[in-house]
Amino acid sequence: MTLADFEAAQVDEILAKHPDANCQDLNNVLWAAKDAVEDGPRRALELLAGVCSMRLVPEEPTEVYRPMVQWSDGTCSMAPGHLSATDIDALAQVAGSVKHAALRARLADLVWRQEKRRGDQFARMAIAAYRELPVSADTWHGGGQAGWHRALQLAKQIRAAEDIAAIETLLLDAFFAAASDADGYQALHFLRPLRAERRSGGRAREVAEQLEDIGRQRMVLSHAFVAQAHFESAAEWFEWARDRERQALSLSLAAEAIVLQAEQGDGAIVQHTWLTKAIEAYRRVPGRFRVQLGVEAAIEDVRRRRETAGHALLGEMVMLPGPSMDVTDLVQSSVDHVKGRAALEALLAFCGLDSPPDVARLGADAAATLKATPLGSMIDGVVVAADGRRVEHVGPGQGWEPQVEALTRATFREHAARTALAKIMPARVQLRAEHDYRLGDFLAVAERSPVVPSDRARIVGQGLHAGFCGDMVQAMHILMPQFEHIVRHVLRGAGAFTAQHDQDGLDMEVALASLLERPQMAEEFGDGLTLAIHALMCDRAGSNLRNDVAHGLADEELCDSPFALYAWWLVLQLVTETFAVAMEAAGAPESQGDPARAPDPAAGPGAPG
């Protein structure tokens, strides 16, 4: 392409009809105009249209220009990297002669960004063109803000002091002029380039006081959302003015505005959300100012109100039924699996009703599900406990891998609940009908299981027996803490550190959730069992059995849930199968149930072995 091609394309004449258009609009105009010409002029218009299609993102200095569209196969619309040296030369030739300010700024900016060897002339040309953009509420959000921000950014990069001062003055004047507007919200937007580039024009205190004044006016009018934004911005500007006391006051006022939003909220769910945010906002007030501002008392009041809203929100939640499933065949097969067997053989068959999950497959399925339903992975949410407490955050704020892991655990919990109801429960009924397992039988198994510490065998046996008899409240309150001790016992034997040394010089045992993170966990228990333990016992987004039992939060409903039944069966499986392996290693033919050589559970703890 040559300069003649651009002249023949009549760019200025085309754009003269769109003097206030931003670059995104120019992209459409230039792309449509190319159909009226051919060859060189057509290629010139296509190049200019592509250049205008790029998104200007000055907030990301390392990638200021981004493609408008990026497709799933890795390709994208025009990006700076697509411009060849010839393209840059052509843009450099035509930039100075383009009359449209937005296009001239874009061309000069790209030339300077791609080839700084040409000197600062193109940066200065871009700054001058950006400064021609109008500063008004009508154009600010259509490209004006990005353009003025980029102008300030460029001026800082080439140390153009006069331009920096002029831009600061113009933006601050626009802010103070807009501060008296009806809603007072537009004023904040004129400050964004200054805030991003940390420039105050020497007027930080003046700006902060104006922002606080607007916030107070909005509070009087009950415009809580607008007030919050101004108070939070005022806190930043007071920080730049080095006035810590006024900064703390602004933060406290922002929290009050959030409380007002909670009061204006329709329904307990909305109120609970805003009250939670209010507590977080109050906690941002520096400690040395909390007493004089009454922050601690305010937090206590908000916490009580949030607790009330938490209890009320449970009644507002809607139950969404999932698809029904016919489990008749599963029930029958599980019953047949244990029916008609000798006592020990039946117990082992019962423990073989399910296998550890395939972690790799579940993880791959979870990732595929998230990719197939991107909207769900883009929305943040919270998990609420039965008493209204917010116990976990879920969604993109946690990162991709945590989202995949969370969905993997949730998928396993669905499997565990289905297995508990369709297989474990009916099989347990069949066992109770055919075999009179007693406490001594479970004590015998626990005593001979290598994973159960000898001083805990009686306690573990009692928990297993209680679960077999259907007393899941007793089973959970015995087995959850004792199972944690079993895990700790096994990991210690594998050389893991199960305690942490705190700053006071004390060695404190870590909880089950931390034990699961030890590398020896997967080595000793396997990835599948580790996932199952995490999903059922330590996941705040799930049944969280270990923690709720340990802290007295587990009620009868939780203890009698399918998750609890599966957890009881999981402990029984581990203890019984390790017992069987130990007996087999000792030469006892467990499958025959010979009372002379293997301890048949039906024979009681005193059976010879």
# chains A, B, ... in the order shown; residues from 1 in each chain; ligands from 1
$ residues_around --residues "Ser334 in chain A" --least-positions-apart "6" --cutoff "12 Å" --atoms "only C-alpha atoms" --output "NGL selection string"
:A and (327-328 or 346 or 349-354 or 419-431)
$ write_last_selection --atoms "C-alpha atoms" --output "compact mmCIF listing (two decimals), in the first residue's frame"
# COMPACT_ATOMS: atom_id res chain seq x y z
CA VAL A 327 -32.99 -47.27 41.61
CA THR A 328 -34.97 -50.52 41.80
CA ALA A 346 -21.38 -61.00 54.06
CA ALA A 349 -19.38 -58.12 50.55
CA PHE A 350 -21.19 -55.22 52.19
CA CYS A 351 -17.91 -53.28 52.31
CA GLY A 352 -17.43 -53.96 48.61
CA LEU A 353 -20.62 -52.24 47.50
CA ASP A 354 -18.65 -49.26 46.20
CA THR A 419 -25.07 -45.06 46.73
CA ALA A 420 -26.05 -44.63 50.38
CA LEU A 421 -29.76 -44.63 49.64
CA ALA A 422 -29.89 -47.21 46.84
CA LYS A 423 -27.21 -49.68 47.93
CA ILE A 424 -25.84 -49.24 51.45
CA MET A 425 -29.16 -48.72 53.23
CA PRO A 426 -31.03 -51.73 51.74
CA ALA A 427 -27.95 -53.95 52.07
CA ARG A 428 -27.64 -52.98 55.73
CA VAL A 429 -31.27 -53.94 56.29
CA GLN A 430 -30.55 -57.34 54.69
CA LEU A 431 -27.49 -57.86 56.90
$ select_by_dssp --residues "range 28-169 of chain A" --states "strand (DSSP E)" --output "list in words"
Arg55, Leu56, Tyr65 and Arg66 of chain A
$ closest_residue --among "A:Glu206, A:Asp138, A:Asp455, A:Asp380" --to "Phe176 in chain A" --atoms "only C-alpha atoms"
A:Glu206
$ residues_around --residues "range 395-409 of chain A" --least-positions-apart "2" --cutoff "9 Å" --atoms "only C-alpha atoms" --output "ChimeraX atom specification"
/A:359,362-367,369-370,376-382,393,411-414,531-532,534-536,539,541-542
$ atom_distance --atom1 "CA of Arg456 in chain A" --atom2 "CA of His485 in chain A"
8.9 Å
$ closest_atom_pairs --of "range 272-380 of chain A" --to "range 432-444 of chain A" --cutoff "12 Å" --atoms "only C-alpha atoms" --output "Markdown table"
| residue | atom | partner | partner_atom | distance |
| --- | --- | --- | --- | --- |
| A:Val335 | CA | A:Ala433 | CA | 11.1 |
| A:Val338 | CA | A:Glu434 | CA | 9.6 |
| A:Lys339 | CA | A:Glu434 | CA | 7.8 |
| A:Gly340 | CA | A:Glu434 | CA | 7.9 |
| A:Arg341 | CA | A:Glu434 | CA | 8.9 |
| A:Ala342 | CA | A:His435 | CA | 8.6 |
| A:Ala343 | CA | A:His435 | CA | 6.4 |
| A:Leu344 | CA | A:His435 | CA | 9.8 |
| A:Glu345 | CA | A:His435 | CA | 11.2 |
| A:Ala346 | CA | A:His435 | CA | 8.8 |
| A:Leu347 | CA | A:His435 | CA | 9.5 |
| A:Phe350 | CA | A:Arg432 | CA | 11.6 |
$ write_last_selection --atoms "N, CA, C and O atoms" --output "JSON list (two decimals), in the first residue's frame"
[["chain", "number", "residue", "atom", "x", "y", "z"],
["A", 335, "VAL", "N", -28.85, -55.91, 47.61],
["A", 335, "VAL", "CA", -29.39, -56.92, 48.53],
["A", 335, "VAL", "C", -28.89, -58.30, 48.14],
["A", 335, "VAL", "O", -28.45, -59.10, 49.00],
["A", 338, "VAL", "N", -25.24, -59.27, 49.21],
["A", 338, "VAL", "CA", -24.89, -59.68, 50.58],
["A", 338, "VAL", "C", -25.74, -60.85, 51.07],
["A", 338, "VAL", "O", -25.44, -61.44, 52.12],
["A", 339, "LYS", "N", -26.77, -61.20, 50.36],
["A", 339, "LYS", "CA", -27.71, -62.21, 50.82],
["A", 339, "LYS", "C", -27.09, -63.61, 50.77],
["A", 339, "LYS", "O", -26.34, -63.95, 49.87],
["A", 340, "GLY", "N", -27.43, -64.41, 51.77],
["A", 340, "GLY", "CA", -27.08, -65.82, 51.77],
["A", 340, "GLY", "C", -25.62, -66.12, 51.97],
["A", 340, "GLY", "O", -25.15, -67.21, 51.63],
["A", 341, "ARG", "N", -24.86, -65.25, 52.55],
["A", 341, "ARG", "CA", -23.44, -65.46, 52.79],
["A", 341, "ARG", "C", -23.19, -65.70, 54.28],
["A", 341, "ARG", "O", -24.00, -65.33, 55.13],
["A", 342, "ALA", "N", -22.03, -66.30, 54.56],
["A", 342, "ALA", "CA", -21.60, -66.45, 55.94],
["A", 342, "ALA", "C", -21.34, -65.07, 56.53],
["A", 342, "ALA", "O", -21.16, -64.08, 55.80],
["A", 343, "ALA", "N", -21.29, -64.97, 57.85],
["A", 343, "ALA", "CA", -21.24, -63.68, 58.54],
["A", 343, "ALA", "C", -20.08, -62.80, 58.07],
["A", 343, "ALA", "O", -20.27, -61.65, 57.67],
["A", 344, "LEU", "N", -18.86, -63.33, 58.10],
["A", 344, "LEU", "CA", -17.70, -62.52, 57.71],
["A", 344, "LEU", "C", -17.73, -62.22, 56.22],
["A", 344, "LEU", "O", -17.44, -61.10, 55.79],
["A", 345, "GLU", "N", -18.09, -63.20, 55.43],
["A", 345, "GLU", "CA", -18.14, -63.01, 53.98],
["A", 345, "GLU", "C", -19.19, -61.96, 53.62],
["A", 345, "GLU", "O", -18.99, -61.14, 52.73],
["A", 346, "ALA", "N", -20.33, -61.98, 54.32],
["A", 346, "ALA", "CA", -21.38, -61.00, 54.06],
["A", 346, "ALA", "C", -20.91, -59.59, 54.42],
["A", 346, "ALA", "O", -21.20, -58.62, 53.70],
["A", 347, "LEU", "N", -20.19, -59.47, 55.55],
["A", 347, "LEU", "CA", -19.68, -58.16, 55.94],
["A", 347, "LEU", "C", -18.69, -57.63, 54.92],
["A", 347, "LEU", "O", -18.72, -56.45, 54.55],
["A", 350, "PHE", "N", -20.57, -56.51, 51.91],
["A", 350, "PHE", "CA", -21.19, -55.22, 52.19],
["A", 350, "PHE", "C", -20.18, -54.08, 52.01],
["A", 350, "PHE", "O", -20.52, -53.02, 51.47]]
$ residues_around --residues "Val51 in chain A" --least-positions-apart "3" --cutoff "9 Å" --atoms "only C-alpha atoms" --output "list in words"
Cys23, Asn27, Glu46, Leu47, Leu48, Met54, Met78, Ala79, Pro80, Leu83, Leu103, Arg106, Leu107 and Leu110 of chain A
$ write_last_selection --atoms "N, CA, C and O atoms" --output "mmCIF file, in the first residue's frame"
data_model
loop_
_atom_site.group_PDB
_atom_site.id
_atom_site.type_symbol
_atom_site.label_atom_id
_atom_site.label_comp_id
_atom_site.auth_asym_id
_atom_site.auth_seq_id
_atom_site.Cartn_x
_atom_site.Cartn_y
_atom_site.Cartn_z
ATOM 1 N N CYS A 23 -13.623 4.920 18.016
ATOM 2 C CA CYS A 23 -12.944 3.969 17.125
ATOM 3 C C CYS A 23 -13.803 2.750 16.814
ATOM 4 O O CYS A 23 -13.736 2.216 15.697
ATOM 5 N N ASN A 27 -14.758 1.632 13.020
ATOM 6 C CA ASN A 27 -14.511 0.297 12.465
ATOM 7 C C ASN A 27 -15.654 -0.101 11.539
ATOM 8 O O ASN A 27 -15.437 -0.571 10.413
ATOM 9 N N GLU A 46 -9.498 -1.559 4.736
ATOM 10 C CA GLU A 46 -9.520 -2.766 5.570
ATOM 11 C C GLU A 46 -8.506 -2.650 6.709
ATOM 12 O O GLU A 46 -8.780 -3.042 7.847
ATOM 13 N N LEU A 47 -7.315 -2.108 6.386
ATOM 14 C CA LEU A 47 -6.294 -1.937 7.421
ATOM 15 C C LEU A 47 -6.766 -0.953 8.483
ATOM 16 O O LEU A 47 -6.642 -1.217 9.693
ATOM 17 N N LEU A 48 -7.319 0.174 8.062
ATOM 18 C CA LEU A 48 -7.790 1.166 9.020
ATOM 19 C C LEU A 48 -8.953 0.631 9.853
ATOM 20 O O LEU A 48 -9.040 0.895 11.061
ATOM 21 N N MET A 54 -9.501 -2.696 17.323
ATOM 22 C CA MET A 54 -8.799 -3.057 18.565
ATOM 23 C C MET A 54 -9.393 -2.284 19.748
ATOM 24 O O MET A 54 -9.778 -1.127 19.622
ATOM 25 N N MET A 78 -7.972 -8.389 14.548
ATOM 26 C CA MET A 78 -6.678 -7.718 14.466
ATOM 27 C C MET A 78 -6.156 -7.304 15.840
ATOM 28 O O MET A 78 -6.887 -6.777 16.674
ATOM 29 N N ALA A 79 -4.875 -7.572 16.046
ATOM 30 C CA ALA A 79 -4.156 -7.192 17.256
ATOM 31 C C ALA A 79 -2.861 -6.514 16.815
ATOM 32 O O ALA A 79 -2.458 -6.637 15.644
ATOM 33 N N PRO A 80 -2.184 -5.790 17.710
ATOM 34 C CA PRO A 80 -0.943 -5.128 17.322
ATOM 35 C C PRO A 80 0.075 -6.060 16.680
ATOM 36 O O PRO A 80 0.800 -5.669 15.755
ATOM 37 N N LEU A 83 0.245 -6.421 12.802
ATOM 38 C CA LEU A 83 0.724 -5.335 11.943
ATOM 39 C C LEU A 83 2.163 -5.608 11.508
ATOM 40 O O LEU A 83 3.057 -5.781 12.345
ATOM 41 N N LEU A 103 -9.182 8.745 15.100
ATOM 42 C CA LEU A 103 -8.383 7.886 14.223
ATOM 43 C C LEU A 103 -6.929 8.325 14.224
ATOM 44 O O LEU A 103 -6.024 7.475 14.243
ATOM 45 N N ARG A 106 -5.293 7.050 17.321
ATOM 46 C CA ARG A 106 -5.089 5.598 17.251
ATOM 47 C C ARG A 106 -3.883 5.260 16.379
ATOM 48 O O ARG A 106 -3.036 4.431 16.767
ATOM 49 N N LEU A 107 -3.768 5.865 15.216
ATOM 50 C CA LEU A 107 -2.664 5.560 14.295
ATOM 51 C C LEU A 107 -1.327 5.969 14.891
ATOM 52 O O LEU A 107 -0.352 5.186 14.883
ATOM 53 N N LEU A 110 -0.316 3.655 17.846
ATOM 54 C CA LEU A 110 0.155 2.332 17.432
ATOM 55 C C LEU A 110 1.557 2.405 16.816
ATOM 56 O O LEU A 110 2.391 1.527 17.056
#
$ residues_around --residues "Gln210 in chain A" --least-positions-apart "4" --cutoff "10 Å" --atoms "only C-alpha atoms" --output "number ranges by chain"
A: 175-176, 179, 204-206, 214-216, 230, 234
